[in-house]
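Trainee: Contents of coords34.cif (mmCIF, N, CA and C atoms) are given next:
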data_target
#
loop_
_atom_site.label_atom_id
_atom_site.label_comp_id
_atom_site.auth_asym_id
_atom_site.auth_seq_id
_atom_site.Cartn_x
_atom_site.Cartn_y
_atom_site.Cartn_z
N MET V 13 154.69 49.35 89.32
CA MET V 13 153.61 50.27 89.05
C MET V 13 153.57 50.54 87.54
N LYS V 14 152.37 50.58 87.01
CA LYS V 14 152.22 50.84 85.58
C LYS V 14 152.38 52.31 85.28
N GLN V 15 152.98 52.58 84.14
CA GLN V 15 153.17 53.96 83.70
C GLN V 15 151.88 54.47 83.07
N ALA V 16 151.55 55.73 83.36
CA ALA V 16 150.35 56.33 82.77
C ALA V 16 150.51 56.39 81.25
N ILE V 17 149.42 56.13 80.55
CA ILE V 17 149.50 56.11 79.08
C ILE V 17 148.62 57.19 78.47
N THR V 18 148.40 58.27 79.18
CA THR V 18 147.53 59.33 78.67
C THR V 18 148.07 59.95 77.40
N HIS V 19 149.39 59.90 77.19
CA HIS V 19 149.95 60.49 75.98
C HIS V 19 149.51 59.75 74.72
N PHE V 20 149.05 58.52 74.87
CA PHE V 20 148.57 57.77 73.71
C PHE V 20 147.23 58.29 73.21
N LYS V 21 146.55 59.07 74.02
CA LYS V 21 145.25 59.61 73.65
C LYS V 21 145.35 60.82 72.74
N VAL V 22 146.54 61.35 72.58
CA VAL V 22 146.76 62.46 71.66
C VAL V 22 147.07 61.84 70.31
N PRO V 23 146.15 61.95 69.35
CA PRO V 23 146.31 61.26 68.06
C PRO V 23 147.60 61.63 67.35
N GLY V 24 148.33 60.62 66.93
CA GLY V 24 149.50 60.82 66.09
C GLY V 24 150.72 61.40 66.78
N GLU V 25 150.69 61.53 68.10
CA GLU V 25 151.84 62.11 68.79
C GLU V 25 152.41 61.09 69.76
N ASP V 26 153.75 60.98 69.79
CA ASP V 26 154.36 60.09 70.76
C ASP V 26 154.60 60.85 72.07
N ARG V 27 155.07 60.16 73.06
CA ARG V 27 155.23 60.74 74.40
C ARG V 27 156.10 62.00 74.38
N ALA V 28 157.23 61.98 73.69
CA ALA V 28 158.12 63.14 73.64
C ALA V 28 157.45 64.33 72.97
N THR V 29 156.68 64.07 71.93
CA THR V 29 156.01 65.15 71.22
C THR V 29 154.98 65.80 72.13
N CYS V 30 154.35 65.00 72.96
CA CYS V 30 153.31 65.52 73.85
C CYS V 30 153.90 66.12 75.12
N LEU V 31 154.79 65.39 75.78
CA LEU V 31 155.26 65.78 77.11
C LEU V 31 156.70 66.28 77.16
N GLY V 32 157.42 66.22 76.07
CA GLY V 32 158.82 66.63 76.07
C GLY V 32 159.00 68.13 76.27
N ALA V 33 160.25 68.55 76.35
CA ALA V 33 160.56 69.97 76.59
C ALA V 33 159.97 70.88 75.52
N ASP V 34 159.85 70.38 74.31
CA ASP V 34 159.27 71.18 73.23
C ASP V 34 157.92 70.58 72.80
N GLY V 35 157.27 69.90 73.73
CA GLY V 35 156.03 69.20 73.42
C GLY V 35 154.79 70.06 73.55
N SER V 36 153.68 69.45 73.24
CA SER V 36 152.39 70.14 73.26
C SER V 36 152.08 70.75 74.61
N VAL V 37 152.29 70.00 75.68
CA VAL V 37 151.98 70.49 77.02
C VAL V 37 152.81 71.73 77.33
N SER V 38 154.06 71.72 76.96
CA SER V 38 154.94 72.85 77.21
C SER V 38 154.45 74.11 76.49
N HIS V 39 154.06 73.95 75.23
CA HIS V 39 153.60 75.10 74.46
C HIS V 39 152.28 75.66 74.99
N VAL V 40 151.35 74.79 75.31
CA VAL V 40 150.06 75.24 75.83
C VAL V 40 150.26 75.91 77.19
N SER V 41 151.09 75.33 78.03
CA SER V 41 151.37 75.92 79.35
C SER V 41 151.98 77.30 79.21
N ARG V 42 152.87 77.48 78.24
CA ARG V 42 153.50 78.79 78.01
C ARG V 42 152.45 79.83 77.66
N VAL V 43 151.54 79.49 76.77
CA VAL V 43 150.49 80.44 76.38
C VAL V 43 149.58 80.75 77.56
N LEU V 44 149.22 79.73 78.33
CA LEU V 44 148.36 79.97 79.49
C LEU V 44 149.04 80.89 80.50
N ARG V 45 150.34 80.74 80.69
CA ARG V 45 151.07 81.65 81.60
C ARG V 45 151.03 83.08 81.07
N MET V 46 151.09 83.24 79.74
CA MET V 46 151.09 84.58 79.14
C MET V 46 149.77 85.31 79.39
N ILE V 47 148.66 84.59 79.48
CA ILE V 47 147.36 85.24 79.62
C ILE V 47 146.77 85.09 81.02
N THR V 48 147.55 84.49 81.94
CA THR V 48 147.06 84.33 83.30
C THR V 48 147.34 85.59 84.09
N GLY V 49 146.33 86.06 84.74
CA GLY V 49 146.38 87.29 85.53
C GLY V 49 144.99 87.89 85.48
N ARG V 50 144.55 88.42 86.58
CA ARG V 50 143.17 88.89 86.68
C ARG V 50 142.77 89.85 85.57
N TRP V 51 143.69 90.69 85.12
CA TRP V 51 143.34 91.77 84.18
C TRP V 51 143.88 91.56 82.77
N LYS V 52 144.67 90.53 82.54
CA LYS V 52 145.27 90.36 81.21
C LYS V 52 144.24 90.09 80.13
N GLN V 53 143.32 89.20 80.40
CA GLN V 53 142.30 88.91 79.38
C GLN V 53 141.39 90.10 79.12
N PRO V 54 140.92 90.82 80.17
CA PRO V 54 140.15 92.03 79.87
C PRO V 54 140.93 93.04 79.03
N ILE V 55 142.22 93.17 79.29
CA ILE V 55 143.05 94.08 78.49
C ILE V 55 143.07 93.62 77.04
N LEU V 56 143.31 92.33 76.82
CA LEU V 56 143.37 91.81 75.46
C LEU V 56 142.05 91.98 74.73
N PHE V 57 140.94 91.70 75.40
CA PHE V 57 139.64 91.84 74.75
C PHE V 57 139.30 93.30 74.48
N ARG V 58 139.71 94.21 75.35
CA ARG V 58 139.48 95.64 75.09
C ARG V 58 140.28 96.08 73.87
N LEU V 59 141.52 95.62 73.75
CA LEU V 59 142.34 95.98 72.60
C LEU V 59 141.85 95.29 71.32
N PHE V 60 141.15 94.18 71.46
CA PHE V 60 140.56 93.53 70.30
C PHE V 60 139.37 94.37 69.80
N ALA V 61 138.66 95.00 70.74
CA ALA V 61 137.49 95.81 70.38
C ALA V 61 137.88 97.19 69.87
N GLU V 62 138.97 97.73 70.36
CA GLU V 62 139.45 99.06 69.98
C GLU V 62 140.87 98.93 69.43
N PRO V 63 141.19 99.62 68.35
CA PRO V 63 142.53 99.46 67.75
C PRO V 63 143.66 99.92 68.65
N SER V 64 143.44 100.95 69.46
CA SER V 64 144.47 101.39 70.40
C SER V 64 143.80 102.11 71.57
N LEU V 65 144.43 101.98 72.73
CA LEU V 65 143.89 102.60 73.93
C LEU V 65 145.02 103.18 74.76
N ARG V 66 144.68 104.22 75.49
CA ARG V 66 145.60 104.81 76.46
C ARG V 66 145.30 104.21 77.83
N ALA V 67 146.26 104.32 78.75
CA ALA V 67 146.10 103.76 80.09
C ALA V 67 144.86 104.32 80.78
N SER V 68 144.59 105.59 80.59
CA SER V 68 143.42 106.20 81.24
C SER V 68 142.12 105.58 80.75
N GLN V 69 142.08 105.14 79.49
CA GLN V 69 140.89 104.48 78.95
C GLN V 69 140.69 103.11 79.57
N PHE V 70 141.80 102.39 79.80
CA PHE V 70 141.70 101.10 80.50
C PHE V 70 141.14 101.31 81.90
N MET V 71 141.65 102.33 82.58
CA MET V 71 141.20 102.60 83.95
C MET V 71 139.69 102.88 83.99
N ARG V 72 139.20 103.60 83.01
CA ARG V 72 137.75 103.89 82.94
C ARG V 72 136.94 102.64 82.60
N ASP V 73 137.46 101.84 81.69
CA ASP V 73 136.72 100.67 81.19
C ASP V 73 136.76 99.47 82.14
N MET V 74 137.72 99.44 83.03
CA MET V 74 137.89 98.29 83.92
C MET V 74 137.89 98.74 85.38
N PRO V 75 136.69 99.00 85.91
CA PRO V 75 136.61 99.45 87.31
C PRO V 75 137.24 98.41 88.23
N GLY V 76 137.97 98.88 89.19
CA GLY V 76 138.59 97.98 90.15
C GLY V 76 140.06 97.73 89.91
N ILE V 77 140.55 98.03 88.71
CA ILE V 77 141.98 97.82 88.46
C ILE V 77 142.75 99.02 89.00
N SER V 78 143.86 98.74 89.66
CA SER V 78 144.70 99.82 90.16
C SER V 78 145.71 100.21 89.08
N GLN V 79 146.25 101.39 89.20
CA GLN V 79 147.27 101.85 88.25
C GLN V 79 148.46 100.90 88.26
N LYS V 80 148.84 100.44 89.45
CA LYS V 80 149.98 99.54 89.58
C LYS V 80 149.73 98.23 88.83
N MET V 81 148.54 97.63 89.01
CA MET V 81 148.24 96.36 88.34
C MET V 81 148.12 96.55 86.82
N LEU V 82 147.51 97.66 86.41
CA LEU V 82 147.41 97.92 84.98
C LEU V 82 148.80 98.02 84.36
N THR V 83 149.66 98.80 84.98
CA THR V 83 151.03 98.96 84.47
C THR V 83 151.76 97.63 84.43
N GLN V 84 151.63 96.84 85.48
CA GLN V 84 152.30 95.54 85.56
C GLN V 84 151.82 94.61 84.44
N HIS V 85 150.50 94.51 84.27
CA HIS V 85 149.97 93.62 83.24
C HIS V 85 150.30 94.11 81.84
N LEU V 86 150.24 95.40 81.62
CA LEU V 86 150.61 95.93 80.30
C LEU V 86 152.07 95.61 79.98
N ARG V 87 152.94 95.77 80.95
CA ARG V 87 154.36 95.45 80.74
C ARG V 87 154.56 93.97 80.43
N GLU V 88 153.88 93.10 81.19
CA GLU V 88 154.03 91.67 80.96
C GLU V 88 153.51 91.27 79.58
N LEU V 89 152.37 91.82 79.20
CA LEU V 89 151.82 91.51 77.87
C LEU V 89 152.74 92.03 76.77
N GLU V 90 153.37 93.18 77.01
CA GLU V 90 154.33 93.72 76.03
C GLU V 90 155.57 92.83 75.95
N ILE V 91 156.09 92.41 77.08
CA ILE V 91 157.28 91.54 77.11
C ILE V 91 156.98 90.22 76.39
N ASP V 92 155.77 89.70 76.59
CA ASP V 92 155.38 88.44 75.93
C ASP V 92 155.04 88.63 74.46
N GLY V 93 155.04 89.86 73.98
CA GLY V 93 154.82 90.12 72.57
C GLY V 93 153.37 90.14 72.14
N LEU V 94 152.44 90.23 73.09
CA LEU V 94 151.02 90.22 72.74
C LEU V 94 150.48 91.62 72.45
N ILE V 95 151.10 92.64 73.03
CA ILE V 95 150.68 94.02 72.76
C ILE V 95 151.90 94.86 72.40
N ARG V 96 151.63 96.00 71.79
CA ARG V 96 152.67 96.98 71.46
C ARG V 96 152.40 98.26 72.24
N ARG V 97 153.46 98.88 72.66
CA ARG V 97 153.38 100.16 73.36
C ARG V 97 153.96 101.21 72.43
N HIS V 98 153.19 102.25 72.18
CA HIS V 98 153.66 103.33 71.30
C HIS V 98 153.75 104.61 72.12
N ASP V 99 154.99 105.06 72.33
CA ASP V 99 155.24 106.30 73.06
C ASP V 99 155.44 107.40 72.02
N PHE V 100 154.59 108.43 72.08
CA PHE V 100 154.62 109.50 71.09
C PHE V 100 155.71 110.53 71.36
N GLN V 101 156.44 110.38 72.48
CA GLN V 101 157.53 111.31 72.83
C GLN V 101 157.04 112.75 72.88
N GLU V 102 155.88 112.96 73.48
CA GLU V 102 155.30 114.30 73.60
C GLU V 102 155.25 114.71 75.05
N GLN V 103 155.06 116.00 75.25
CA GLN V 103 154.80 116.55 76.58
C GLN V 103 153.44 117.21 76.56
N PRO V 104 152.52 116.88 77.41
CA PRO V 104 152.61 115.80 78.40
C PRO V 104 152.70 114.44 77.72
N PRO V 105 153.22 113.45 78.46
CA PRO V 105 153.44 112.13 77.87
C PRO V 105 152.15 111.53 77.31
N ARG V 106 152.28 110.92 76.15
CA ARG V 106 151.15 110.23 75.52
C ARG V 106 151.64 108.87 75.05
N VAL V 107 151.00 107.82 75.59
CA VAL V 107 151.35 106.44 75.27
C VAL V 107 150.06 105.70 74.92
N GLU V 108 150.10 104.94 73.84
CA GLU V 108 148.95 104.12 73.45
C GLU V 108 149.39 102.67 73.31
N TYR V 109 148.44 101.79 73.54
CA TYR V 109 148.68 100.36 73.45
C TYR V 109 147.79 99.76 72.37
N SER V 110 148.30 98.75 71.68
CA SER V 110 147.53 98.06 70.65
C SER V 110 147.96 96.59 70.64
N LEU V 111 147.13 95.76 70.04
CA LEU V 111 147.51 94.35 69.89
C LEU V 111 148.63 94.24 68.86
N SER V 112 149.59 93.40 69.14
CA SER V 112 150.62 93.08 68.15
C SER V 112 150.03 92.05 67.19
N SER V 113 150.76 91.72 66.16
CA SER V 113 150.27 90.68 65.24
C SER V 113 150.14 89.35 65.98
N THR V 114 151.02 89.10 66.93
CA THR V 114 150.93 87.88 67.74
C THR V 114 149.67 87.91 68.59
N GLY V 115 149.38 89.05 69.19
CA GLY V 115 148.16 89.20 69.99
C GLY V 115 146.91 89.02 69.15
N ARG V 116 146.93 89.58 67.94
CA ARG V 116 145.78 89.40 67.04
C ARG V 116 145.62 87.93 66.67
N GLY V 117 146.72 87.22 66.53
CA GLY V 117 146.67 85.79 66.22
C GLY V 117 146.11 84.96 67.37
N LEU V 118 146.30 85.44 68.58
CA LEU V 118 145.78 84.74 69.76
C LEU V 118 144.28 84.93 69.93
N MET V 119 143.73 86.02 69.45
CA MET V 119 142.32 86.34 69.70
C MET V 119 141.34 85.29 69.17
N PRO V 120 141.52 84.73 67.97
CA PRO V 120 140.58 83.67 67.55
C PRO V 120 140.60 82.47 68.49
N ILE V 121 141.74 82.19 69.08
CA ILE V 121 141.84 81.08 70.03
C ILE V 121 141.05 81.42 71.30
N LEU V 122 141.21 82.65 71.79
CA LEU V 122 140.45 83.07 72.98
C LEU V 122 138.95 83.08 72.69
N MET V 123 138.57 83.48 71.48
CA MET V 123 137.16 83.46 71.12
C MET V 123 136.64 82.01 71.06
N SER V 124 137.47 81.08 70.60
CA SER V 124 137.08 79.67 70.60
C SER V 124 136.92 79.14 72.01
N VAL V 125 137.80 79.57 72.91
CA VAL V 125 137.68 79.17 74.32
C VAL V 125 136.38 79.71 74.90
N ARG V 126 136.04 80.94 74.54
CA ARG V 126 134.77 81.53 74.99
C ARG V 126 133.59 80.68 74.51
N GLU V 127 133.61 80.30 73.23
CA GLU V 127 132.53 79.48 72.69
C GLU V 127 132.48 78.11 73.35
N PHE V 128 133.64 77.54 73.63
CA PHE V 128 133.69 76.27 74.34
C PHE V 128 133.01 76.41 75.70
N SER V 129 133.29 77.49 76.41
CA SER V 129 132.69 77.73 77.72
C SER V 129 131.18 77.88 77.61
N ARG V 130 130.72 78.56 76.57
CA ARG V 130 129.28 78.71 76.37
C ARG V 130 128.60 77.39 76.06
N ASP V 131 129.26 76.55 75.26
CA ASP V 131 128.68 75.27 74.84
C ASP V 131 128.76 74.20 75.93
N TYR V 132 129.77 74.26 76.80
CA TYR V 132 129.99 73.26 77.83
C TYR V 132 130.17 73.96 79.18
N PRO V 133 129.06 74.47 79.74
CA PRO V 133 129.16 75.27 80.96
C PRO V 133 129.70 74.49 82.15
N GLY V 134 129.40 73.20 82.28
CA GLY V 134 129.92 72.39 83.37
C GLY V 134 129.73 73.05 84.72
N ASN V 135 130.67 72.86 85.58
CA ASN V 135 130.66 73.45 86.92
C ASN V 135 131.28 74.84 86.84
N ARG V 136 130.50 75.85 86.97
CA ARG V 136 130.99 77.23 86.85
C ARG V 136 131.60 77.70 88.16
N ARG V 137 132.91 77.56 88.25
CA ARG V 137 133.64 78.04 89.42
C ARG V 137 134.29 79.36 89.04
N GLY V 138 134.16 80.36 89.89
CA GLY V 138 134.82 81.65 89.70
C GLY V 138 134.46 82.27 88.47
#
Spell out the structure here as structure tokens.

Mentor:
Amino acid sequence: MKQAITHFKVPGEDRATCLGADGSVSHVSRVLRMITGRWKQPILFRLFAEPSLRASQFMRDMPGISQKMLTQHLRELEIDGLIRRHDFQEQPPRVEYSLSSTGRGLMPILMSVREFSRDYPGNRRG
């Protein structure tokens, strides 16, 4: 059986560079895992539009999200380094979220993906 040669279609990269443990596919897959989740992208775009938001503002801006899912996605985005959580150590508790520098660096890429979708609508599933 012949081996697939799709890695040759990536200009200037050999198979290991493309498919290896530290290859292109691995890095792109890692980023996609970081932003996969029903509410992660809406959270990122809201924080791109506003410098900082409290959880209650997310709840108002994103109808349908539960407190549990919001908390889960905020924690995952924080662990992945895309957002920052600032606890003011006040009573009553006050916590605000903002994009980290890494999250801000990701936003032009997400905006490019948006433009790609607009330019190449293809089969619109989901």

Trainee: Check what the PyMOL selection byres ((chain V and resi 110) around 6.5) selects in the file above and give those residues as a compact mmCIF listing (two decimals) with N, CA and C atoms, keeping the file's coordinate frame.

Mentor:
# COMPACT_ATOMS: atom_id res chain seq x y z
N LEU V 59 141.52 95.62 73.75
CA LEU V 59 142.34 95.98 72.60
C LEU V 59 141.85 95.29 71.32
N PRO V 63 141.19 99.62 68.35
CA PRO V 63 142.53 99.46 67.75
C PRO V 63 143.66 99.92 68.65
N SER V 64 143.44 100.95 69.46
CA SER V 64 144.47 101.39 70.40
C SER V 64 143.80 102.11 71.57
N LEU V 65 144.43 101.98 72.73
CA LEU V 65 143.89 102.60 73.93
C LEU V 65 145.02 103.18 74.76
N LEU V 94 152.44 90.23 73.09
CA LEU V 94 151.02 90.22 72.74
C LEU V 94 150.48 91.62 72.45
N ILE V 95 151.10 92.64 73.03
CA ILE V 95 150.68 94.02 72.76
C ILE V 95 151.90 94.86 72.40
N ARG V 96 151.63 96.00 71.79
CA ARG V 96 152.67 96.98 71.46
C ARG V 96 152.40 98.26 72.24
N ARG V 97 153.46 98.88 72.66
CA ARG V 97 153.38 100.16 73.36
C ARG V 97 153.96 101.21 72.43
N HIS V 98 153.19 102.25 72.18
CA HIS V 98 153.66 103.33 71.30
C HIS V 98 153.75 104.61 72.12
N GLU V 108 150.10 104.94 73.84
CA GLU V 108 148.95 104.12 73.45
C GLU V 108 149.39 102.67 73.31
N TYR V 109 148.44 101.79 73.54
CA TYR V 109 148.68 100.36 73.45
C TYR V 109 147.79 99.76 72.37
N LEU V 111 147.13 95.76 70.04
CA LEU V 111 147.51 94.35 69.89
C LEU V 111 148.63 94.24 68.86
N SER V 112 149.59 93.40 69.14
CA SER V 112 150.62 93.08 68.15
C SER V 112 150.03 92.05 67.19

Trainee: Run through the PyMOL selection byres (((chain V and resi 49 and name CA) around 12) and name CA) on the given coordinates and return the selected residues as a PyMOL selection string.

Mentor: chain V and resi 44-48+50-56+77+81-82+84-86+88-89

Trainee: Using N, CA and C atoms, can you write the selected residues to a file as an mmCIF file, in the coordinates of the input?

Mentor:
data_model
loop_
_atom_site.group_PDB
_atom_site.id
_atom_site.type_symbol
_atom_site.label_atom_id
_atom_site.label_comp_id
_atom_site.auth_asym_id
_atom_site.auth_seq_id
_atom_site.Cartn_x
_atom_site.Cartn_y
_atom_site.Cartn_z
ATOM 1 N N LEU V 44 149.220 79.730 78.330
ATOM 2 C CA LEU V 44 148.360 79.970 79.490
ATOM 3 C C LEU V 44 149.040 80.890 80.500
ATOM 4 N N ARG V 45 150.340 80.740 80.690
ATOM 5 C CA ARG V 45 151.070 81.650 81.600
ATOM 6 C C ARG V 45 151.030 83.080 81.070
ATOM 7 N N MET V 46 151.090 83.240 79.740
ATOM 8 C CA MET V 46 151.090 84.580 79.140
ATOM 9 C C MET V 46 149.770 85.310 79.390
ATOM 10 N N ILE V 47 148.660 84.590 79.480
ATOM 11 C CA ILE V 47 147.360 85.240 79.620
ATOM 12 C C ILE V 47 146.770 85.090 81.020
ATOM 13 N N THR V 48 147.550 84.490 81.940
ATOM 14 C CA THR V 48 147.060 84.330 83.300
ATOM 15 C C THR V 48 147.340 85.590 84.090
ATOM 16 N N ARG V 50 144.550 88.420 86.580
ATOM 17 C CA ARG V 50 143.170 88.890 86.680
ATOM 18 C C ARG V 50 142.770 89.850 85.570
ATOM 19 N N TRP V 51 143.690 90.690 85.120
ATOM 20 C CA TRP V 51 143.340 91.770 84.180
ATOM 21 C C TRP V 51 143.880 91.560 82.770
ATOM 22 N N LYS V 52 144.670 90.530 82.540
ATOM 23 C CA LYS V 52 145.270 90.360 81.210
ATOM 24 C C LYS V 52 144.240 90.090 80.130
ATOM 25 N N GLN V 53 143.320 89.200 80.400
ATOM 26 C CA GLN V 53 142.300 88.910 79.380
ATOM 27 C C GLN V 53 141.390 90.100 79.120
ATOM 28 N N PRO V 54 140.920 90.820 80.170
ATOM 29 C CA PRO V 54 140.150 92.030 79.870
ATOM 30 C C PRO V 54 140.930 93.040 79.030
ATOM 31 N N ILE V 55 142.220 93.170 79.290
ATOM 32 C CA ILE V 55 143.050 94.080 78.490
ATOM 33 C C ILE V 55 143.070 93.620 77.040
ATOM 34 N N LEU V 56 143.310 92.330 76.820
ATOM 35 C CA LEU V 56 143.370 91.810 75.460
ATOM 36 C C LEU V 56 142.050 91.980 74.730
ATOM 37 N N ILE V 77 140.550 98.030 88.710
ATOM 38 C CA ILE V 77 141.980 97.820 88.460
ATOM 39 C C ILE V 77 142.750 99.020 89.000
ATOM 40 N N MET V 81 148.540 97.630 89.010
ATOM 41 C CA MET V 81 148.240 96.360 88.340
ATOM 42 C C MET V 81 148.120 96.550 86.820
ATOM 43 N N LEU V 82 147.510 97.660 86.410
ATOM 44 C CA LEU V 82 147.410 97.920 84.980
ATOM 45 C C LEU V 82 148.800 98.020 84.360
ATOM 46 N N GLN V 84 151.630 96.840 85.480
ATOM 47 C CA GLN V 84 152.300 95.540 85.560
ATOM 48 C C GLN V 84 151.820 94.610 84.440
ATOM 49 N N HIS V 85 150.500 94.510 84.270
ATOM 50 C CA HIS V 85 149.970 93.620 83.240
ATOM 51 C C HIS V 85 150.300 94.110 81.840
ATOM 52 N N LEU V 86 150.240 95.400 81.620
ATOM 53 C CA LEU V 86 150.610 95.930 80.300
ATOM 54 C C LEU V 86 152.070 95.610 79.980
ATOM 55 N N GLU V 88 153.880 93.100 81.190
ATOM 56 C CA GLU V 88 154.030 91.670 80.960
ATOM 57 C C GLU V 88 153.510 91.270 79.580
ATOM 58 N N LEU V 89 152.370 91.820 79.200
ATOM 59 C CA LEU V 89 151.820 91.510 77.870
ATOM 60 C C LEU V 89 152.740 92.030 76.770
#

Trainee: Of the candidates V:Asp73, V:Gly35, V:Val43, V:Gln103, which one gets nearest to Ile121 (chain V) if we count only C-alpha atoms?

Mentor: V:Val43

Trainee: To one decimal place in Å, what is the distance between atom C of Arg66 (chain V) and atom C of Val107 (chain V)?

Mentor: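 A separation of 5.8 Å between them.
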
Trainee: List every residue of region 19-106 of chain V that DSSP, applied to the backbone of this structure, assigns to alpha helix (DSSP H), and report them as a count of residues only.

Mentor: 47

Trainee: One decimal, Å: what's the distance from CA of Phe57 (chain V) over to atom N of Val40 (chain V), could you say?

Mentor: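 If I compute the distance from CA of Phe57 (chain V) to atom N of Val40 (chain V), I get 20.7 Å.
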
Trainee: To one decimal place in Å, what is the distance between CA of Asp34 (chain V) and CA of Arg116 (chain V)?

Mentor: 23.5 Å

Trainee: Quick one: DSSP strand (DSSP E or B) residues in chain V, as a PyMOL selection string?

Mentor: chain V and resi 65+95-99+107-111

Trainee: Centre and edge lengths, as JSON, for the axis-aligned box enclosing every listed atom of region 62-67 of chain V with 6 Å of padding on each of the six sides, in Å to one decimal?

Mentor:
{"center_x": 142.6, "center_y": 101.3, "center_z": 74.3, "size_x": 19.3, "size_y": 19.1, "size_z": 25.0}

Trainee: Just checking: using all atoms listed in the file, which residue out of V:Ala67, V:Ser129, V:Gln79, V:Met119 ends up closest to Arg106 (chain V)?

Mentor: V:Ala67
